[in-house]
>>> print(open('final19.txt').read())   # compact mmCIF, C-alpha atoms
# COMPACT_ATOMS: atom_id res chain seq x y z
CA MET A 11 111.00 97.95 103.39
CA THR A 12 108.30 95.81 104.86
CA PHE A 13 106.93 96.19 108.36
CA ARG A 14 106.02 92.94 110.04
CA GLY A 15 104.62 92.04 113.42
CA GLN A 16 102.02 93.12 115.92
CA TYR A 17 103.04 94.79 119.16
CA ASP A 18 101.09 95.58 122.30
CA CYS A 19 102.04 99.07 123.48
CA SER A 20 100.70 101.71 125.79
CA MET A 21 100.14 105.41 125.37
CA ASP A 22 101.00 107.67 128.29
CA ASP A 23 98.87 110.59 129.49
CA LYS A 24 100.70 112.98 127.14
CA GLY A 25 99.96 110.82 124.09
CA ARG A 26 103.44 109.31 123.73
CA VAL A 27 103.94 105.76 122.46
CA LYS A 28 107.24 103.91 122.57
CA MET A 29 108.17 102.47 119.18
CA PRO A 30 109.09 98.80 119.69
CA ALA A 31 112.73 98.09 118.84
CA LEU A 32 111.83 95.44 116.25
CA LEU A 33 109.63 97.92 114.35
CA ARG A 34 112.13 100.77 114.75
CA LYS A 35 114.84 98.61 113.13
CA GLN A 36 112.61 98.14 110.07
CA PHE A 37 112.57 101.89 109.28
CA PRO A 38 114.97 103.11 106.61
CA ALA A 39 118.09 104.62 108.23
CA GLU A 40 117.88 107.68 105.97
CA ASP A 41 114.58 108.71 107.59
CA GLY A 42 116.45 109.45 110.82
CA GLY A 43 113.52 108.48 113.05
CA ARG A 44 111.12 110.79 111.18
CA PHE A 45 107.82 109.68 109.69
CA MET A 46 104.32 110.86 108.86
CA ILE A 47 101.22 109.93 110.87
CA ALA A 48 97.58 110.44 109.89
CA LYS A 49 94.10 108.97 110.22
CA ASP A 50 93.85 105.73 108.22
CA MET A 51 90.91 104.71 106.04
CA GLU A 52 90.30 101.97 108.58
CA ASP A 53 89.33 102.90 112.16
CA CYS A 54 92.93 103.54 113.25
CA LEU A 55 95.94 105.76 112.61
CA VAL A 56 98.69 105.02 110.13
CA ILE A 57 102.43 105.69 110.21
CA TYR A 58 104.16 106.18 106.87
CA PRO A 59 107.94 106.12 106.48
CA MET A 60 108.99 109.24 104.58
CA LYS A 61 109.55 107.43 101.24
CA THR A 62 106.18 105.69 101.46
CA TRP A 63 104.47 109.00 102.19
CA GLU A 64 106.30 110.76 99.36
CA LYS A 65 105.15 108.06 96.93
CA MET A 66 101.57 108.35 98.19
CA GLU A 67 101.75 112.15 98.00
CA GLN A 68 102.76 111.92 94.33
CA GLN A 69 99.73 109.71 93.68
CA LEU A 70 97.47 112.20 95.46
CA LEU A 71 98.95 115.07 93.45
CA GLY A 72 97.84 113.19 90.33
CA LEU A 73 94.20 113.51 91.30
CA ASN A 74 92.00 116.13 89.65
CA THR A 75 91.99 119.43 91.57
CA PHE A 76 88.63 120.30 89.96
CA SER A 77 86.93 117.11 91.15
CA LEU A 78 85.12 117.57 94.44
CA LYS A 79 85.24 113.81 95.13
CA HIS A 80 89.00 113.74 94.56
CA GLN A 81 89.50 116.68 96.89
CA GLN A 82 87.26 115.10 99.52
CA PHE A 83 89.33 111.92 99.28
CA ILE A 84 92.59 113.86 99.66
CA ASN A 85 91.19 115.66 102.70
CA ALA A 86 90.02 112.35 104.20
CA VAL A 87 93.40 110.59 103.85
CA THR A 88 95.34 113.57 105.19
CA VAL A 89 93.27 114.12 108.35
CA GLY A 90 95.71 115.04 111.09
CA LEU A 91 98.70 114.47 108.82
CA THR A 92 101.78 115.35 110.85
CA GLU A 93 105.49 114.81 110.47
CA ILE A 94 106.88 113.43 113.71
CA GLU A 95 110.19 112.27 115.04
CA LEU A 96 111.14 109.72 117.66
CA ASP A 97 112.46 111.33 120.84
CA SER A 98 115.58 110.19 122.70
CA ALA A 99 113.50 107.44 124.41
CA ASP A 100 112.21 106.17 121.00
CA ARG A 101 108.72 107.53 121.65
CA PHE A 102 106.45 109.35 119.22
CA LEU A 103 103.72 111.80 120.15
CA VAL A 104 100.16 111.31 118.95
CA SER A 105 98.65 114.77 118.53
CA LYS A 106 95.42 115.66 120.29
CA SER A 107 93.69 115.92 116.90
CA LEU A 108 94.59 112.28 116.16
CA MET A 109 94.25 110.93 119.68
CA LYS A 110 90.47 111.09 119.45
CA TYR A 111 90.57 108.30 116.84
CA LEU A 112 92.21 105.99 119.37
CA GLY A 113 89.53 106.50 122.01
CA ASN A 114 90.28 106.88 125.69
CA SER A 115 92.22 103.67 126.03
CA LYS A 116 95.92 103.67 126.79
CA ASP A 117 96.26 100.16 125.29
CA ILE A 118 97.57 100.46 121.75
CA ILE A 119 98.45 97.94 119.04
CA LEU A 120 101.17 98.76 116.50
CA LYS A 121 100.71 96.48 113.50
CA GLY A 122 103.10 96.25 110.59
CA LYS A 123 101.19 96.34 107.31
CA PHE A 124 103.67 96.03 104.45
CA ASP A 125 104.98 99.57 103.79
CA ARG A 126 103.25 101.22 106.78
CA ILE A 127 102.33 100.70 110.41
CA GLN A 128 98.81 100.90 111.77
CA VAL A 129 98.17 102.30 115.25
CA TRP A 130 95.03 100.79 116.78
CA ASP A 131 93.14 101.19 120.01
CA ALA A 132 93.49 97.62 121.33
CA ALA A 133 89.74 97.12 121.96
CA LYS A 134 88.79 98.46 118.50
CA TYR A 135 91.39 96.20 116.89
CA GLU A 136 90.02 93.13 118.66
CA GLN A 137 86.50 93.99 117.50
CA TYR A 138 87.71 94.69 113.95
CA THR A 139 89.68 91.44 113.65
CA GLN A 140 86.81 89.37 115.04
CA GLY A 141 84.56 90.81 112.33
CA ASN A 142 87.12 90.00 109.66
CA ILE A 143 87.66 86.47 110.98
CA ALA A 144 83.91 85.85 110.89
CA ASN A 145 83.93 87.08 107.28
CA ILE A 146 87.19 85.38 106.21
CA GLN A 147 85.72 83.21 103.44
CA SER A 148 83.96 86.14 101.77
CA LEU A 149 87.10 88.31 102.07
CA ALA A 150 89.27 85.47 100.70
CA ASP A 151 86.95 84.95 97.73
CA GLU A 152 87.08 88.64 96.84
CA ALA A 153 90.86 88.81 97.25
CA ALA A 154 91.33 85.66 95.15
CA ALA A 155 89.15 87.08 92.36
CA HIS A 156 91.25 90.26 92.37
CA ILE A 157 94.53 88.31 92.30
CA ASP A 158 93.23 86.06 89.52
CA GLY A 159 92.16 89.16 87.56
CA GLU A 160 95.60 90.75 88.01
CA ASN A 161 97.33 87.53 86.93
CA GLY A 162 95.12 87.41 83.84
CA LYS A 163 96.34 90.88 82.79
CA LYS A 164 99.96 89.75 82.61
>>> encode(input="final19.txt", output="structure tokens")
Amino acid sequence: MTFRGQYDCSMDDKGRVKMPALLRKQFPAEDGGRFMIAKDMEDCLVIYPMKTWEKMEQQLLGLNTFSLKHQQFINAVTVGLTEIELDSADRFLVSKSLMKYLGNSKDIILKGKFDRIQVWDAAKYEQYTQGNIANIQSLADEAAAHIDGENGKK
């Protein structure tokens, strides 16, 4: 499964966001409208389909329980981690503990990002993308070096 597209959405006063139909159709049917949501490493939230989360959870379980840095990382990537389900109107609820990462804005961007969906405050996303666009050559050079290094391993 790959999530594609960027969708302008709004969050109501209760913290509910309607999942766009085109994104909803990209979820695996076996998930039954259920998924995990948490704080992302970027300045946004992230929605994981159940299989994606289960795979990530297995990777996290492989980290050293006696390493403080590993435990701090696990705690950081599971901030606000909640299993949620779409309601009958195809909305999901952003908990109060996660809502603070979206700011006070009701304007939200849902952005497909391969095996997950990012949930951005629209103003933060605009600022973030402008910074990345200004840095595109440096980011491209680093990504190309990584890809070239991976291709050299094969």
>>> atom_distance(input="final19.txt", atom1="CA of Lys49 in chain A", atom2="CA of Asn85 in chain A")
10.5 Å
>>> atom_distance(input="final19.txt", atom1="CA of Thr62 in chain A", atom2="CA of Asn161 in chain A")
24.9 Å
>>> atom_distance(input="final19.txt", atom1="CA of Ile118 in chain A", atom2="CA of Phe45 in chain A")
18.3 Å
>>> closest_residue(input="final19.txt", among="A:Gly113, A:Asp41, A:Glu64, A:Phe124", to="Gly15 in chain A", atoms="only C-alpha atoms")
A:Phe124
>>> residues_near_point(input="final19.txt", point="(102.1, 103.3, 124.5)", cutoff="12 Å", atoms="all atoms listed in the file", output="PyMOL selection string")
chain A and resi 17-30+100-104+109+112+115-120+129-132
>>> residues_around(input="final19.txt", residues="Pro59 in chain A", least_positions_apart="6", cutoff="7 Å", atoms="only C-alpha atoms", output="number ranges by chain")
A: 37, 45-46, 126
>>> closest_residue(input="final19.txt", among="A:Asp50, A:Glu160, A:Glu136, A:Asp151", to="Val89 in chain A", atoms="only C-alpha atoms")
A:Asp50
>>> closest_residue(input="final19.txt", among="A:Trp63, A:Tyr138, A:Ser77, A:Lys163", to="Leu91 in chain A", atoms="all atoms listed in the file")
A:Trp63
